[in-house]
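A.B. asks: Supplied structure: coords_21.pdb, PDB, C-alpha atoms.
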ATOM      1  CA  MET T   1       7.698 -29.821  -3.663
ATOM      2  CA  SER T   2      10.201 -28.643  -6.297
ATOM      3  CA  LEU T   3      10.175 -27.364  -9.856
ATOM      4  CA  ALA T   4      12.112 -28.677 -12.848
ATOM      5  CA  ARG T   5      13.526 -25.163 -13.331
ATOM      6  CA  PRO T   6      14.162 -22.107 -11.148
ATOM      7  CA  LEU T   7      11.140 -20.262  -9.772
ATOM      8  CA  ARG T   8      11.029 -16.983 -11.717
ATOM      9  CA  ILE T   9      10.150 -14.148  -9.331
ATOM     10  CA  GLY T  10       9.057 -10.902 -10.986
ATOM     11  CA  THR T  11       9.619  -7.533  -9.374
ATOM     12  CA  ARG T  12       9.931  -3.858 -10.107
ATOM     13  CA  GLY T  13      13.471  -2.545 -10.179
ATOM     14  CA  SER T  14      13.435   0.072  -7.418
ATOM     15  CA  PRO T  15      15.727  -0.447  -4.404
ATOM     16  CA  MET T  16      12.624  -0.970  -2.242
ATOM     17  CA  ALA T  17      11.105  -3.536  -4.595
ATOM     18  CA  LEU T  18      14.382  -5.438  -4.897
ATOM     19  CA  ALA T  19      14.899  -5.446  -1.125
ATOM     20  CA  GLN T  20      11.451  -6.790  -0.379
ATOM     21  CA  THR T  21      11.638  -9.327  -3.218
ATOM     22  CA  GLY T  22      14.874 -10.609  -1.741
ATOM     23  CA  MET T  23      13.096 -11.043   1.593
ATOM     24  CA  VAL T  24      10.250 -12.923  -0.071
ATOM     25  CA  ARG T  25      12.656 -15.162  -2.022
ATOM     26  CA  ASP T  26      14.554 -16.052   1.157
ATOM     27  CA  ARG T  27      11.349 -17.069   2.926
ATOM     28  CA  ILE T  28      10.169 -19.180  -0.009
ATOM     29  CA  VAL T  29      13.532 -20.951  -0.224
ATOM     30  CA  ALA T  30      13.630 -21.519   3.540
ATOM     31  CA  ALA T  31      10.210 -23.172   3.292
ATOM     32  CA  ASN T  32      11.246 -25.209   0.222
ATOM     33  CA  PRO T  33      14.861 -26.377   0.721
ATOM     34  CA  GLY T  34      16.734 -26.919  -2.508
ATOM     35  CA  LEU T  35      14.435 -24.693  -4.567
ATOM     36  CA  GLU T  36      16.295 -22.630  -7.153
ATOM     37  CA  THR T  37      15.069 -19.114  -7.924
ATOM     38  CA  GLU T  38      15.638 -16.352 -10.446
ATOM     39  CA  ILE T  39      14.700 -12.710  -9.890
ATOM     40  CA  VAL T  40      13.329 -11.055 -13.030
ATOM     41  CA  VAL T  41      13.165  -7.252 -13.058
ATOM     42  CA  VAL T  42      10.190  -5.794 -14.938
ATOM     43  CA  SER T  43       9.989  -2.056 -15.685
ATOM     44  CA  THR T  44       6.597  -0.468 -14.951
ATOM     45  CA  VAL T  45       5.026   2.803 -16.072
ATOM     46  CA  ALA T  46       4.839   3.941 -12.449
ATOM     47  CA  ASP T  47       8.638   3.672 -12.231
ATOM     48  CA  ARG T  48       9.256   5.483 -15.504
ATOM     49  CA  VAL T  49       6.822   8.414 -15.173
ATOM     50  CA  LEU T  50       7.729  10.307 -12.033
ATOM     51  CA  ASP T  51       6.712  13.865 -12.866
ATOM     52  CA  ARG T  52       2.948  13.424 -12.433
ATOM     53  CA  PRO T  53       0.670  12.029  -9.712
ATOM     54  CA  LEU T  54      -0.513   8.459 -10.246
ATOM     55  CA  SER T  55      -4.099   9.690 -10.363
ATOM     56  CA  GLU T  56      -3.251  11.574 -13.579
ATOM     57  CA  ILE T  57      -1.544   8.730 -15.437
ATOM     58  CA  GLY T  58      -3.803   5.764 -14.779
ATOM     59  CA  GLY T  59      -3.772   4.853 -11.100
ATOM     60  CA  LYS T  60      -1.917   2.530  -8.790
ATOM     61  CA  GLY T  61      -2.449  -0.373 -11.209
ATOM     62  CA  LEU T  62       0.541   1.063 -13.076
ATOM     63  CA  PHE T  63       2.723  -0.499 -10.360
ATOM     64  CA  THR T  64       1.452  -3.957 -11.299
ATOM     65  CA  LYS T  65       0.284  -3.916 -14.934
ATOM     66  CA  GLU T  66       3.540  -4.966 -16.618
ATOM     67  CA  LEU T  67       4.185  -7.622 -13.963
ATOM     68  CA  GLU T  68       0.735  -9.057 -14.623
ATOM     69  CA  GLN T  69       1.407  -9.009 -18.363
ATOM     70  CA  ALA T  70       4.613 -10.949 -17.684
ATOM     71  CA  LEU T  71       2.589 -13.523 -15.729
ATOM     72  CA  PHE T  72       0.136 -13.936 -18.620
ATOM     73  CA  ALA T  73       3.081 -14.282 -21.043
ATOM     74  CA  ASP T  74       4.695 -16.967 -18.834
ATOM     75  CA  ALA T  75       7.817 -14.800 -18.543
ATOM     76  CA  ILE T  76       7.634 -15.089 -14.739
ATOM     77  CA  ASP T  77       5.975 -17.520 -12.327
ATOM     78  CA  VAL T  78       5.126 -15.103  -9.512
ATOM     79  CA  ALA T  79       5.110 -11.350  -8.933
ATOM     80  CA  VAL T  80       5.898  -9.674  -5.631
ATOM     81  CA  HIS T  81       3.804  -6.629  -4.754
ATOM     82  CA  SER T  82       3.351  -4.174  -1.932
ATOM     83  CA  MET T  83      -0.291  -4.977  -1.299
ATOM     84  CA  LYS T  84      -1.178  -1.297  -0.968
ATOM     85  CA  ASP T  85      -0.277  -0.970  -4.676
ATOM     86  CA  VAL T  86      -2.560  -3.807  -5.782
ATOM     87  CA  GLU T  87      -5.813  -2.741  -7.391
ATOM     88  CA  THR T  88      -9.084  -3.686  -5.771
ATOM     89  CA  TRP T  89      -9.957  -6.151  -8.544
ATOM     90  CA  LEU T  90      -7.428  -8.454 -10.209
ATOM     91  CA  PRO T  91      -7.469  -9.473 -13.886
ATOM     92  CA  ASP T  92      -9.287 -12.742 -14.573
ATOM     93  CA  GLY T  93      -6.880 -15.654 -14.350
ATOM     94  CA  LEU T  94      -4.593 -14.134 -11.708
ATOM     95  CA  VAL T  95      -4.743 -14.490  -7.913
ATOM     96  CA  ILE T  96      -2.934 -13.225  -4.859
ATOM     97  CA  ALA T  97      -1.814 -16.683  -3.790
ATOM     98  CA  CYS T  98       0.040 -15.665  -0.656
ATOM     99  CA  ILE T  99       0.163 -12.711   1.733
ATOM    100  CA  LEU T 100       3.124 -12.646   4.074
ATOM    101  CA  GLU T 101       3.125 -11.536   7.695
ATOM    102  CA  ARG T 102       2.584  -7.809   7.836
ATOM    103  CA  ASP T 103       5.302  -5.422   8.921
ATOM    104  CA  ASP T 104       4.570  -2.235  10.868
ATOM    105  CA  PRO T 105       1.814  -0.446   8.907
ATOM    106  CA  ARG T 106       2.428   3.052  10.297
ATOM    107  CA  ASP T 107       3.873   6.101   8.523
ATOM    108  CA  ALA T 108       7.193   7.713   9.393
ATOM    109  CA  PHE T 109       7.731  11.490   9.550
ATOM    110  CA  LEU T 110      10.867  12.974   7.962
ATOM    111  CA  SER T 111      11.871  16.628   7.997
ATOM    112  CA  ALA T 112      14.661  18.782   6.654
ATOM    113  CA  GLY T 113      14.701  20.988   9.745
ATOM    114  CA  ALA T 114      14.161  20.530  13.455
ATOM    115  CA  ALA T 115      10.549  19.346  13.325
ATOM    116  CA  ASN T 116       9.925  15.950  14.889
ATOM    117  CA  GLY T 117       6.273  15.724  13.866
ATOM    118  CA  LEU T 118       3.435  17.521  12.150
ATOM    119  CA  ALA T 119       2.720  19.609  15.247
ATOM    120  CA  ASP T 120       6.258  21.062  15.117
ATOM    121  CA  LEU T 121       5.994  22.421  11.585
ATOM    122  CA  PRO T 122       5.511  26.194  11.253
ATOM    123  CA  ALA T 123       2.418  27.561   9.511
ATOM    124  CA  GLY T 124       2.771  27.356   5.752
ATOM    125  CA  ALA T 125       5.406  24.622   5.845
ATOM    126  CA  ARG T 126       5.438  22.375   2.771
ATOM    127  CA  VAL T 127       4.711  18.689   3.244
ATOM    128  CA  GLY T 128       5.738  16.697   0.192
ATOM    129  CA  THR T 129       3.486  13.817  -0.777
ATOM    130  CA  SER T 130       1.562  12.623  -3.794
ATOM    131  CA  SER T 131      -0.611  10.388  -1.624
ATOM    132  CA  LEU T 132      -4.132  11.805  -1.402
ATOM    133  CA  ARG T 133      -4.604   9.860   1.842
ATOM    134  CA  ARG T 134      -1.564  11.381   3.510
ATOM    135  CA  GLY T 135      -2.253  14.855   2.179
ATOM    136  CA  ALA T 136      -5.871  14.815   3.359
ATOM    137  CA  GLN T 137      -4.908  13.680   6.854
ATOM    138  CA  VAL T 138      -2.134  16.265   7.114
ATOM    139  CA  LEU T 139      -4.618  19.007   6.207
ATOM    140  CA  MET T 140      -7.271  17.536   8.498
ATOM    141  CA  HIS T 141      -4.914  18.070  11.438
ATOM    142  CA  ARG T 142      -3.037  21.115  10.099
ATOM    143  CA  PRO T 143      -5.027  23.072   7.490
ATOM    144  CA  ASP T 144      -2.356  25.793   7.684
ATOM    145  CA  LEU T 145       0.222  23.542   6.007
ATOM    146  CA  THR T 146       0.819  23.285   2.252
ATOM    147  CA  ILE T 147       0.855  19.997   0.341
ATOM    148  CA  VAL T 148       3.306  19.810  -2.569
ATOM    149  CA  PRO T 149       3.537  16.867  -5.018
ATOM    150  CA  LEU T 150       6.433  14.508  -4.330
ATOM    151  CA  ARG T 151       6.738  11.265  -6.303
ATOM    152  CA  GLY T 152       9.499   8.731  -6.718
ATOM    153  CA  ASN T 153      10.872   5.857  -4.674
ATOM    154  CA  ALA T 154      11.879   6.356  -1.045
ATOM    155  CA  ASN T 155      15.470   7.322  -1.893
ATOM    156  CA  THR T 156      14.298   9.832  -4.492
ATOM    157  CA  ARG T 157      11.863  11.450  -2.091
ATOM    158  CA  MET T 158      14.519  11.735   0.585
ATOM    159  CA  ARG T 159      16.853  13.419  -1.904
ATOM    160  CA  LYS T 160      14.098  15.872  -2.840
ATOM    161  CA  LEU T 161      13.549  16.622   0.838
ATOM    162  CA  GLU T 162      17.261  17.290   1.314
ATOM    163  CA  ALA T 163      17.263  19.484  -1.819
ATOM    164  CA  GLY T 164      14.632  21.749  -0.271
ATOM    165  CA  GLU T 165      11.660  20.814  -2.463
ATOM    166  CA  CYS T 166       9.633  20.427   0.733
ATOM    167  CA  ASP T 167      10.059  20.857   4.483
ATOM    168  CA  ALA T 168       8.790  17.431   5.508
ATOM    169  CA  THR T 169       7.512  14.213   4.015
ATOM    170  CA  LEU T 170       5.947  10.928   5.064
ATOM    171  CA  LEU T 171       7.092   7.424   4.135
ATOM    172  CA  ALA T 172       5.840   3.975   5.049
ATOM    173  CA  LEU T 173       7.783   2.739   8.064
ATOM    174  CA  ALA T 174       7.797  -0.811   6.685
ATOM    175  CA  GLY T 175       9.656   0.370   3.601
ATOM    176  CA  LEU T 176      12.315   2.110   5.650
ATOM    177  CA  GLN T 177      12.702  -1.034   7.743
ATOM    178  CA  ARG T 178      13.218  -3.159   4.622
ATOM    179  CA  LEU T 179      15.872  -0.741   3.385
ATOM    180  CA  GLY T 180      17.583  -0.610   6.797
ATOM    181  CA  MET T 181      17.006   3.170   6.932
ATOM    182  CA  THR T 182      14.726   3.747   9.912
ATOM    183  CA  ASP T 183      17.305   6.151  11.336
ATOM    184  CA  VAL T 184      16.177   8.826   8.843
ATOM    185  CA  ALA T 185      12.741   9.035  10.496
ATOM    186  CA  ARG T 186      12.241  11.811  13.026
ATOM    187  CA  SER T 187       9.210  10.010  14.453
ATOM    188  CA  VAL T 188       6.616   7.348  13.758
ATOM    189  CA  LEU T 189       3.084   8.710  13.495
ATOM    190  CA  SER T 190       0.377   7.002  15.526
ATOM    191  CA  VAL T 191      -2.548   5.482  13.652
ATOM    192  CA  GLU T 192      -4.742   8.077  15.374
ATOM    193  CA  GLU T 193      -2.767  10.848  13.674
ATOM    194  CA  MET T 194      -2.198   9.099  10.337
ATOM    195  CA  LEU T 195      -4.332   6.036   9.591
ATOM    196  CA  PRO T 196      -2.443   3.846   7.098
ATOM    197  CA  ALA T 197      -3.347   3.013   3.542
ATOM    198  CA  VAL T 198      -5.300  -0.170   2.944
ATOM    199  CA  ALA T 199      -2.845  -3.101   3.179
ATOM    200  CA  GLN T 200       0.154  -0.889   4.030
ATOM    201  CA  GLY T 201       3.075  -2.921   5.359
ATOM    202  CA  ALA T 202       1.976  -6.182   3.716
ATOM    203  CA  LEU T 203       3.614  -8.016   0.810
ATOM    204  CA  GLY T 204       1.658 -10.258  -1.525
ATOM    205  CA  ILE T 205       2.619 -12.796  -4.166
ATOM    206  CA  GLU T 206       0.558 -12.984  -7.343
ATOM    207  CA  CYS T 207       0.480 -15.945  -9.730
ATOM    208  CA  ARG T 208      -1.682 -17.570 -12.375
ATOM    209  CA  ALA T 209      -4.835 -19.081 -10.903
ATOM    210  CA  GLY T 210      -4.203 -22.547 -12.340
ATOM    211  CA  ASP T 211      -0.573 -22.905 -11.219
ATOM    212  CA  ASP T 212      -1.231 -25.372  -8.402
ATOM    213  CA  ALA T 213       2.431 -26.387  -8.087
ATOM    214  CA  ILE T 214       3.458 -22.743  -7.627
ATOM    215  CA  ARG T 215       0.693 -22.147  -5.102
ATOM    216  CA  ALA T 216       1.856 -25.143  -3.109
ATOM    217  CA  LEU T 217       5.368 -23.660  -2.909
ATOM    218  CA  LEU T 218       3.950 -20.384  -1.598
ATOM    219  CA  ALA T 219       1.509 -21.795   0.942
ATOM    220  CA  PRO T 220       4.050 -22.276   3.776
ATOM    221  CA  VAL T 221       4.997 -18.574   3.871
ATOM    222  CA  ALA T 222       1.427 -17.234   3.962
ATOM    223  CA  CYS T 223       0.184 -15.512   7.117
ATOM    224  CA  ALA T 224      -3.447 -16.266   7.952
ATOM    225  CA  THR T 225      -3.749 -13.342  10.385
ATOM    226  CA  THR T 226      -2.516 -10.772   7.866
ATOM    227  CA  THR T 227      -4.679 -12.292   5.142
ATOM    228  CA  THR T 228      -7.742 -11.907   7.371
ATOM    229  CA  ALA T 229      -6.902  -8.284   8.190
ATOM    230  CA  LEU T 230      -6.454  -7.458   4.500
ATOM    231  CA  ASP T 231      -9.733  -9.179   3.629
ATOM    232  CA  ALA T 232     -11.476  -6.605   5.834
ATOM    233  CA  GLU T 233      -9.485  -3.611   4.565
ATOM    234  CA  ARG T 234      -9.816  -4.546   0.908
ATOM    235  CA  GLY T 235     -13.492  -5.307   1.428
ATOM    236  CA  LEU T 236     -13.967  -1.731   2.611
ATOM    237  CA  LEU T 237     -11.990  -0.465  -0.383
ATOM    238  CA  ALA T 238     -14.052  -2.518  -2.818
ATOM    239  CA  GLU T 239     -17.326  -1.207  -1.427
ATOM    240  CA  LEU T 240     -16.089   2.350  -2.014
ATOM    241  CA  ASP T 241     -14.713   1.595  -5.489
ATOM    242  CA  GLY T 242     -11.408   2.769  -4.075
ATOM    243  CA  SER T 243      -8.465   3.839  -6.209
ATOM    244  CA  CYS T 244      -5.522   6.215  -6.000
ATOM    245  CA  ARG T 245      -8.008   8.997  -6.822
ATOM    246  CA  THR T 246      -9.800   8.251  -3.562
ATOM    247  CA  PRO T 247      -8.423   9.343  -0.161
ATOM    248  CA  ILE T 248      -9.232   6.249   1.917
ATOM    249  CA  ALA T 249      -7.456   4.869   4.981
ATOM    250  CA  ALA T 250      -8.156   1.648   6.843
ATOM    251  CA  LEU T 251      -6.524  -0.646   9.363
ATOM    252  CA  ALA T 252      -7.825  -3.980  10.634
ATOM    253  CA  GLN T 253      -6.368  -5.667  13.689
ATOM    254  CA  VAL T 254      -6.979  -9.324  14.510
ATOM    255  CA  ASN T 255      -6.951 -10.602  18.082
ATOM    256  CA  GLY T 256      -7.673 -14.296  18.236
ATOM    257  CA  ASP T 257     -11.017 -14.892  16.566
ATOM    258  CA  ARG T 258     -12.041 -11.214  16.743
ATOM    259  CA  LEU T 259     -11.346  -8.361  14.331
ATOM    260  CA  THR T 260     -11.478  -4.586  14.719
ATOM    261  CA  LEU T 261     -11.545  -2.368  11.620
ATOM    262  CA  ASP T 262     -11.082   1.400  11.517
ATOM    263  CA  GLY T 263     -11.766   3.273   8.295
ATOM    264  CA  LEU T 264     -11.605   6.885   7.140
ATOM    265  CA  LEU T 265     -12.836   8.581   3.991
ATOM    266  CA  PHE T 266     -11.778  12.151   3.156
ATOM    267  CA  LEU T 267     -12.153  15.014   0.797
ATOM    268  CA  PRO T 268      -8.655  15.604  -0.645
ATOM    269  CA  ASP T 269      -8.320  19.015   1.014
ATOM    270  CA  GLY T 270      -9.017  17.518   4.447
ATOM    271  CA  SER T 271     -12.015  19.796   4.987
ATOM    272  CA  ARG T 272     -14.395  16.871   5.491
ATOM    273  CA  HIS T 273     -13.910  13.331   6.693
ATOM    274  CA  TRP T 274     -16.040  10.378   7.703
ATOM    275  CA  ALA T 275     -14.986   7.657  10.138
ATOM    276  CA  VAL T 276     -16.188   4.150  10.859
ATOM    277  CA  ARG T 277     -15.261   1.396  13.307
ATOM    278  CA  ARG T 278     -16.435  -2.185  13.080
ATOM    279  CA  GLU T 279     -15.812  -5.148  15.363
ATOM    280  CA  GLY T 280     -16.796  -8.742  14.751
ATOM    281  CA  ALA T 281     -15.732 -12.304  14.086
ATOM    282  CA  ALA T 282     -12.471 -12.584  12.158
ATOM    283  CA  ALA T 283     -14.093 -15.251  10.005
ATOM    284  CA  GLU T 284     -16.425 -12.541   8.666
ATOM    285  CA  ALA T 285     -13.595 -10.181   7.685
ATOM    286  CA  ASP T 286     -14.713  -9.442   4.129
ATOM    287  CA  ALA T 287     -18.329  -8.864   5.182
ATOM    288  CA  ILE T 288     -17.206  -6.573   8.014
ATOM    289  CA  GLY T 289     -15.102  -4.561   5.573
ATOM    290  CA  ARG T 290     -17.901  -4.248   3.041
ATOM    291  CA  ASP T 291     -20.369  -3.226   5.738
ATOM    292  CA  ALA T 292     -17.947  -0.554   6.967
ATOM    293  CA  GLY T 293     -17.419   0.695   3.418
ATOM    294  CA  ALA T 294     -21.172   0.866   2.848
ATOM    295  CA  GLU T 295     -21.567   2.957   6.003
ATOM    296  CA  LEU T 296     -18.896   5.392   4.834
ATOM    297  CA  LYS T 297     -20.584   5.622   1.434
ATOM    298  CA  ARG T 298     -23.932   6.416   3.056
ATOM    299  CA  ALA T 299     -22.404   8.956   5.448
ATOM    300  CA  ALA T 300     -20.459  10.818   2.765
ATOM    301  CA  GLY T 301     -23.308  10.715   0.277
ATOM    302  CA  ASP T 302     -23.539  13.291  -2.456
ATOM    303  CA  VAL T 303     -20.765  15.484  -1.027
ATOM    304  CA  TYR T 304     -18.150  12.835  -1.619
ATOM    305  CA  PHE T 305     -19.334  11.469  -4.915
ATOM    306  CA  ALA T 306     -19.702  14.944  -6.373
ATOM    307  CA  HIS T 307     -15.978  15.288  -5.676
ATOM    308  CA  LEU T 308     -15.231  12.041  -7.533
ATOM    309  CA  LYS T 309     -17.066  13.306 -10.607
TER     310      LYS T 309
END
Could you write out this file's structure as structure tokens?

C.D. replies:
Amino acid sequence: MSLARPLRIGTRGSPMALAQTGMVRDRIVAANPGLETEIVVVSTVADRVLDRPLSEIGGKGLFTKELEQALFADAIDVAVHSMKDVETWLPDGLVIACILERDDPRDAFLSAGAANGLADLPAGARVGTSSLRRGAQVLMHRPDLTIVPLRGNANTRMRKLEAGECDATLLALAGLQRLGMTDVARSVLSVEEMLPAVAQGALGIECRAGDDAIRALLAPVACATTTTALDAERGLLAELDGSCRTPIAALAQVNGDRLTLDGLLFLPDGSRHWAVRREGAAAEADAIGRDAGAELKRAAGDVYFAHLK
């Protein structure tokens, strides 16, 4: 199938966003020979305001809001997102039409000194991150460390690390792979030490719900296995009303027709956490995720929700 004009692909303008959008474009074109494309850069609030945590300026939806407005205005046909930045509920009229095969979901450890992992850091060392999930897990394992805010794209955070604003930081391994910069990582943290964010490592393509021709172009690059895994993870997130103000981690793994989901819920200071594991039929991914989220909600109870208030 082809369009009468180039497919307009919307993206943020960061080096990471442009790199992953280029990957997505290449896969779409490979699946639709002869298709012409145009990459449209859209500036978002999350890219412009870098001096405050996302939780203070409106949440992770600030990575997607302007792209979604561009979809509604017919300025673009599709928007490429890191799925971990996509809010739990989409605006009416928009859909995630395609989720590509997931890259490695783990986190990478970077340090300015000799440390090759969290265990190597001296007491009081500063770990730079504005992710509540990462900060909570760091403090869960090492309450003697100090979390300092560190926002910006991957290149910016690496520059801040080199400038001495922190002693170590954590970045998504998938992002470093897309930038061709995995050599900067001192180590890759196991999921037992640092459970990933919901949907980390996965890219999604959003479009208008009624654009059947666009959805047909995207269908060949969708990954059913990754989509199933994210159904479980995002189901857990939805049950917990998850947002960037909520330290939640989850990872689903699909093996044939079976699915295993691990989830964690934290207090931001790492002093308390609640864990859940669910196994079941992959076809029931969303229900498994929601059941796991409901268990975490029951286990955390008033302690957790008092924190949210």

A.B. asks: Give me, as a list in words, all polymer residues having an atom no more than 8 Å from Leu118 (chain T), counting all atoms listed in the file and skipping those fewer than 5 positions away in the same chain.

C.D. replies: Phe109, Val138 and Arg142 of chain T

A.B. asks: Restricting the calculation to all atoms listed in the file, which member of T:Ala252, T:Val86, T:Ala108, T:Ala123 is positioned closest to Ser190 (chain T)?

C.D. replies: T:Ala108

A.B. asks: What is the CA of Gly235 (chain T)-CA of Val42 (chain T) distance in Å, reported with one decimal?

C.D. replies: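 Going from CA of Gly235 (chain T) over to CA of Val42 (chain T) covers 28.8 Å.
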
A.B. asks: Between CA of Gly175 (chain T) and CA of Val254 (chain T), what is the spacing in Å?

C.D. replies: 22.1 Å

A.B. asks: Between T:Ile205, T:Met83, T:Leu110, T:Ala163, single out the one closest to Glu233 (chain T), counting only C-alpha atoms.

C.D. replies: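 Comparing T:Ile205, T:Met83, T:Leu110, T:Ala163 against Glu233 (chain T), the winner is T:Met83.
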
A.B. asks: Counting only C-alpha atoms, figure out which residue out of T:His273, T:Ala238, T:Glu295, T:Ala283 gets nearest to Thr260 (chain T).

C.D. replies: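 Smallest separation from Thr260 (chain T) among the options: T:Ala283.
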
A.B. asks: If you apply the PyMOL selection byres ((chain T and resi 90-96) around 9) to this file, what residues do you get, as number ranges by chain?

C.D. replies: T: 68, 71-72, 86-89, 97-99, 204-210

A.B. asks: Produce a file of the selected residues containing C-alpha atoms, as a PDB file, keeping the file's coordinate frame.

C.D. replies:
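Output saved as out22.pdb:
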ATOM      1  CA  GLU T  68       0.735  -9.057 -14.623  1.00  0.00           C
ATOM      2  CA  LEU T  71       2.589 -13.523 -15.729  1.00  0.00           C
ATOM      3  CA  PHE T  72       0.136 -13.936 -18.620  1.00  0.00           C
ATOM      4  CA  VAL T  86      -2.560  -3.807  -5.782  1.00  0.00           C
ATOM      5  CA  GLU T  87      -5.813  -2.741  -7.391  1.00  0.00           C
ATOM      6  CA  THR T  88      -9.084  -3.686  -5.771  1.00  0.00           C
ATOM      7  CA  TRP T  89      -9.957  -6.151  -8.544  1.00  0.00           C
ATOM      8  CA  ALA T  97      -1.814 -16.683  -3.790  1.00  0.00           C
ATOM      9  CA  CYS T  98       0.040 -15.665  -0.656  1.00  0.00           C
ATOM     10  CA  ILE T  99       0.163 -12.711   1.733  1.00  0.00           C
ATOM     11  CA  GLY T 204       1.658 -10.258  -1.525  1.00  0.00           C
ATOM     12  CA  ILE T 205       2.619 -12.796  -4.166  1.00  0.00           C
ATOM     13  CA  GLU T 206       0.558 -12.984  -7.343  1.00  0.00           C
ATOM     14  CA  CYS T 207       0.480 -15.945  -9.730  1.00  0.00           C
ATOM     15  CA  ARG T 208      -1.682 -17.570 -12.375  1.00  0.00           C
ATOM     16  CA  ALA T 209      -4.835 -19.081 -10.903  1.00  0.00           C
ATOM     17  CA  GLY T 210      -4.203 -22.547 -12.340  1.00  0.00           C
TER      18      GLY T 210
END

A.B. asks: Emit as JSON the padded axis-aligned box for all listed atoms of region 300-305 of chain T, 5 Å per side, with centre and edge lengths in Å to one decimal.

C.D. replies:
{"center_x": -20.8, "center_y": 13.1, "center_z": -1.1, "size_x": 15.4, "size_y": 14.8, "size_z": 17.7}

A.B. asks: Once the PyMOL selection byres ((chain T and resi 153) around 12) has been evaluated on this model, what residues remain selected, and can you format them as a PyMOL selection string?

C.D. replies: chain T and resi 12-18+46-50+63+129-130+150-152+154-160+171-172+175-176+179

A.B. asks: Here's the selection I'm unsure about, the PyMOL selection byres ((chain T and resi 146-148) around 10); applied to the file above, which residues does it give, as a ChimeraX atom specification?

C.D. replies: /T:123-132,134-136,138-139,142-145,149-151,165-169,269

A.B. asks: If I take CA of Leu230 (chain T) and CA of Leu217 (chain T), how far is one from the other in Å, to one decimal?

C.D. replies: 21.4 Å

A.B. asks: Residues within 6 Å of (6.1, -1.5, 11.4), file coordinates, counting all atoms listed in the file: what are they? Give the list as number ranges by chain.

C.D. replies: T: 103-106, 173-174

A.B. asks: Residues as selected, C-alpha atoms, written as a PDB file, in the frame of the given file, can you do that?

C.D. replies:
ATOM      1  CA  ASP T 103       5.302  -5.422   8.921  1.00  0.00           C
ATOM      2  CA  ASP T 104       4.570  -2.235  10.868  1.00  0.00           C
ATOM      3  CA  PRO T 105       1.814  -0.446   8.907  1.00  0.00           C
ATOM      4  CA  ARG T 106       2.428   3.052  10.297  1.00  0.00           C
ATOM      5  CA  LEU T 173       7.783   2.739   8.064  1.00  0.00           C
ATOM      6  CA  ALA T 174       7.797  -0.811   6.685  1.00  0.00           C
TER       7      ALA T 174
END

A.B. asks: Would you list the contacts of region 196-198 of chain T as a compact mmCIF listing (two decimals) with C-alpha atoms, in the coordinates of the input, taking every protein, DNA or RNA residue within 8 Å and counting only C-alpha atoms, but skipping same-chain residues closer than 4 positions in sequence?

C.D. replies:
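The result, written out as part-v3.txt:
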# COMPACT_ATOMS: atom_id res chain seq x y z
CA LYS T 84 -1.18 -1.30 -0.97
CA PRO T 105 1.81 -0.45 8.91
CA ARG T 106 2.43 3.05 10.30
CA ASP T 107 3.87 6.10 8.52
CA ARG T 133 -4.60 9.86 1.84
CA VAL T 191 -2.55 5.48 13.65
CA LEU T 230 -6.45 -7.46 4.50
CA GLU T 233 -9.48 -3.61 4.57
CA ARG T 234 -9.82 -4.55 0.91
CA LEU T 237 -11.99 -0.46 -0.38
CA ILE T 248 -9.23 6.25 1.92
CA ALA T 249 -7.46 4.87 4.98
CA ALA T 250 -8.16 1.65 6.84
CA LEU T 251 -6.52 -0.65 9.36

A.B. asks: Pick from T:Thr37, T:Gln253, T:Thr44, T:Thr226: nearest to Ala281 (chain T), with only C-alpha atoms counted?

C.D. replies: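 Between T:Thr37, T:Gln253, T:Thr44, T:Thr226, the residue approaching Ala281 (chain T) most closely is T:Gln253.
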